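Each remark here refers to the structure printed beneath this line.
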Amino acid sequence: VTRNRFGNIERKPVEYEAVIGLETHVQLKTRSKMFGTSSAEYQNADPNTVVDAVSMALPGTLPVVNEKAIEYAMMIGMAINCNIARVTKFDRKQYTYPDLMKGYQITQLDEPICYDGYIDLPLDPPVRVRINRVHMEEDVARLVHVEGPQGGTIHSLLDINRAGTPLMEVVTEPDMRTSEQVESYITNLQHIIRYLGVGTANMEEGSFRCDANVSVRPVGQTELTTKVEVKNMNRVRAVVRAIEHEIERQIAVVESGERVVQETRGWDDGKGVTIPQRSKEEAHDYRFFPEPDIPPLVITEEWIDSTQAKMPELPIARKDRFVDEWGLNEYDADLLTAVRATADYFEEVCAGVKASTADVKKAYAKEAANWLNGEMARMMNNDEISNMSQTTVKPAALATLVEKFRKRELNNNSAKQAFEVMYTKGTGPETVIKDLGLGMVSGADSLGPVVDEVIENNEKAVVDFLAGKEASLKFLMGQVMKATRGQADAAQATEMIREKLATRR
């Protein structure tokens with residue numbers, strides 16, 4: 001607030017910034033549950049069929065820790081630059097809710113398996129998001145709410161299948177300021193999890209769930225203000241929209257002279273608003289205490305070393321290598337490394353030119369990237385295939401096609417025809433090219449007579465071209481391509497037409 005030269009009070013507009021932290025639950029892709037023996041693959045099972053005595057919390061049952069889940073947790077921690085605890089323990093989190101079979105959840109409170117990490121987001125400028133902790137716990141059962149004819153829930157059904165599925169919770173520090181940073185964090189964490197092969201990280205199926213803690217403060221202020229937790233976001237885009245709405249809502253509350261209430265709000269995707277769910281003015285006492293049935297877990301140096309040896313090259317590092325080693329641009333490298341199977345496939349296609357000169361490697365890699373990000377991606381999208389290794393086109397077969405196209409033994413039309421047959425039938429490129437007669441028509445002996453005939457039969461187009469109408473050249477080229485069934489070397493044909501018509505000027 002200031003006073004103008006007349007002594008009147010003037011209020012300067014306040015610029016606000018958001019302070020955002022995320023809590024992300026990640027289901028781990030183990031074969032069995034966290035503490036029981038039943039399968040962890042419950043998504044397509046009939047209700048209450050993927051259960052065991054532990055996940056149903058039958059009296060007298062004891063939990064047994066899933067060793068593979070511990071290894072997966074360490075891999076996630078290593079990938080996001082965390083310290084790995086040498087001793088970690090499990091705790092009981094007491095609360096009453098119908099989907100909690102035992103009346104408590106086995107989780108980790110004060111000695112998580114991973115702590116003090118970070119993820120560097122590849123933004124401009126780069127943003128570092130600190131990781132407070134990564135802890136392990138078990139998922140809960142699922143409630144299915146049944147609506148009555150007049151609306152409203154008349155009763156709820158319980159599906160125990162999900163109960164006991166291994167979960168990781170990744171908790172960030174409040175280091176993000178915009179929805180763009182949040183989106184980058186989520187997508188990069190998803191890429192890491194999928195590269196490690198420890199989970200599917202699909203929000204739509206519930207194997208990757210985000211809660212956002214959002215607050216606003218004047219730019220320049222360092223103290224944190226009252227935060228609001230936002231839940232029920234089942235898509236990346238929903239997270240972005242919910243955070244943007246909540247930032248606007250909180251600024252409006254502050255600007256109106258009221259105070260932001262600490263609470264949990266749910267996201268209504270249809271209405272595009274957050275709605276109150278429960279107040280969190282006072283911290284809820286969950287009555288944590290150490291899980292008496294699971295002793296503290298000692299993680300040895302040997303176990304850490306053997307887990308580290310299993311770590312793959314991660315997506316950001318692989319993208320940077322594709323740019324440096326293969327000479328790809330940022331866009332192509334980003335597309336190719338988004339899915340590990342695609343990056344592996346690309347390197348298999350390019351394996352044959354690794355020993356070549358740098359220029360040959362880069363030219364070949366660019367051509368291969370064009371085919372994978374272009375025709376292959378288009379065909380996979382039509383067939384709703386997400387894993388490139390599941391297609392019928394083997395990397396070696398595509399490598400042959402790429403090399404023939406790069407050497408101009410095939411033109412663009414012929415190469416696309418060949419690829420489509422290879423994709424739909426799994427046939428090798430040599431067989432397809434032979435069967436369809438797709439060899440390039442080029443050179444004076446093969447192409448010259450065709451060009452002469454086209455010029456002779458299209459006198460008007462010739463006259464128009466000589467009069468300065470460049471569009472007539474395209475017409476003549478079209479006639480050459482028609483006569484050769486699209487197999488003419490376009491560059492050669494164009495040059496030959498120009499040379500022959502130049503003699504008529």
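Quick note on naming: the chains in the structure tokens go A, B, ... in the order shown, residues restart at 1 in each chain, and ligands are numbered from 1 in order of appearance.
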For Tyr97 (chain A), please output as a ChimeraX atom specification all residues within 10 Å (counting only C-alpha atoms; exclusion window: fewer than 6 positions along the same chain).
-> /A:103-104,140
Skip Asn234 (chain A) itself and residues of its chain fewer than 4 positions away, then list as a PyMOL selection string all residues within 8 Å of it, counting only C-alpha atoms.
-> chain A and resi 203-204+206+209-210+238-239
Identify all residues of region 337-460 of chain A in helix (DSSP H, G or I) (DSSP on the backbone) and supply them as a PyMOL selection string.
-> chain A and resi 337+340-349+351-353+358-383+388-390+395-406+412-425+429-436+443-457+459-460
Just asking: which residues within region 13-243 of chain A are strand (DSSP E) according to DSSP, as a PyMOL selection string?
-> chain A and resi 16-27+83-84+87-88+91-94+104-107+114-121+127-138+142-147+153-159+166-172+208-218+228-233
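For the pair CA of Glu367 (chain A) and CA of Val402 (chain A), the interatomic distance is 6.7 Å.
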Long-range neighbours of region 327-343 of chain A as a PyMOL selection string, 6 Å cut-off, only C-alpha atoms, 6 positions minimum in chain | chain A and resi 195+315+319+362+388
Within 6 Å of region 49-58 of chain A using only C-alpha atoms, minus same-chain residues under 2 positions, as a PyMOL selection string | chain A and resi 36+38+46-47+61+101-102+161+163-164
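Each of A:Lys407, A:Lys469, A:Lys354, A:Arg278 was compared to Val261 (chain A) using only C-alpha atoms, and A:Arg278 turns out to be the nearest.
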For Lys460 (chain A), please output as number ranges by chain all residues within 12 Å (counting only C-alpha atoms; exclusion window: fewer than 5 positions along the same chain).
-> A: 454-455, 465-467, 469, 472-473, 475-476
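With CA of Ala69 (chain A) on one side and CA of Asp175 (chain A) on the other, the separation reads 28.2 Å.
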Counting only C-alpha atoms, which residues in region 72-153 of chain A sit no more than 9 Å from region 9-30 of chain A? For each one, give the nearest pair of atoms and the distance in Å, sorted by chain then residue number, as CSV.
```
residue,atom,partner,partner_atom,distance
A:Tyr72,CA,A:Leu28,CA,7.4
A:Ala73,CA,A:Leu28,CA,8.4
A:Asp139,CA,A:Gln27,CA,8.1
```
Closest atom pairs, residues of region 60-103 of chain A within 12 Å of region 167-171 of chain A, only C-alpha atoms, as CSV:
```
residue,atom,partner,partner_atom,distance
A:Asn66,CA,A:Leu167,CA,11.4
A:Ala69,CA,A:Leu167,CA,8.5
A:Ile70,CA,A:Met168,CA,9.8
A:Glu71,CA,A:Met168,CA,11.7
A:Tyr72,CA,A:Met168,CA,9.2
A:Ala73,CA,A:Met168,CA,7.0
A:Met74,CA,A:Met168,CA,10.4
A:Met75,CA,A:Met168,CA,11.4
A:Ile76,CA,A:Met168,CA,9.0
A:Gly77,CA,A:Val170,CA,9.2
A:Ile80,CA,A:Val170,CA,9.9
A:Cys82,CA,A:Val170,CA,10.9
```
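Nearest residue to Lys231 (chain A) among A:Val273, A:Ile131, A:Val198, A:Ile119 is A:Val273, counting only C-alpha atoms.
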Pick the closest to Val480 (chain A) from A:Val451, A:Val254, A:Val421, A:Ile247: which is it, counting only C-alpha atoms?
-> A:Val451
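For the choices A:Arg241, A:Lys394, A:Arg318, A:Arg378, the atom-to-atom distance to Tyr345 (chain A) is smallest for A:Lys394 when using only C-alpha atoms.
The closest residue to Lys434 (chain A), picked from A:Arg235, A:Ala461, A:Ser414, A:Glu420 and counting only C-alpha atoms, is A:Ser414.
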The distance between CA of Tyr118 (chain A) and CA of Glu291 (chain A) is 28.8 Å
Which residues come within 12 Å of Arg237 (chain A), counting only C-alpha atoms, excluding same-chain residues fewer than 3 positions away, as a ChimeraX atom specification?
-> /A:179-180,182-184,186-187,203-204,210,233-234,240-244,267,269,272
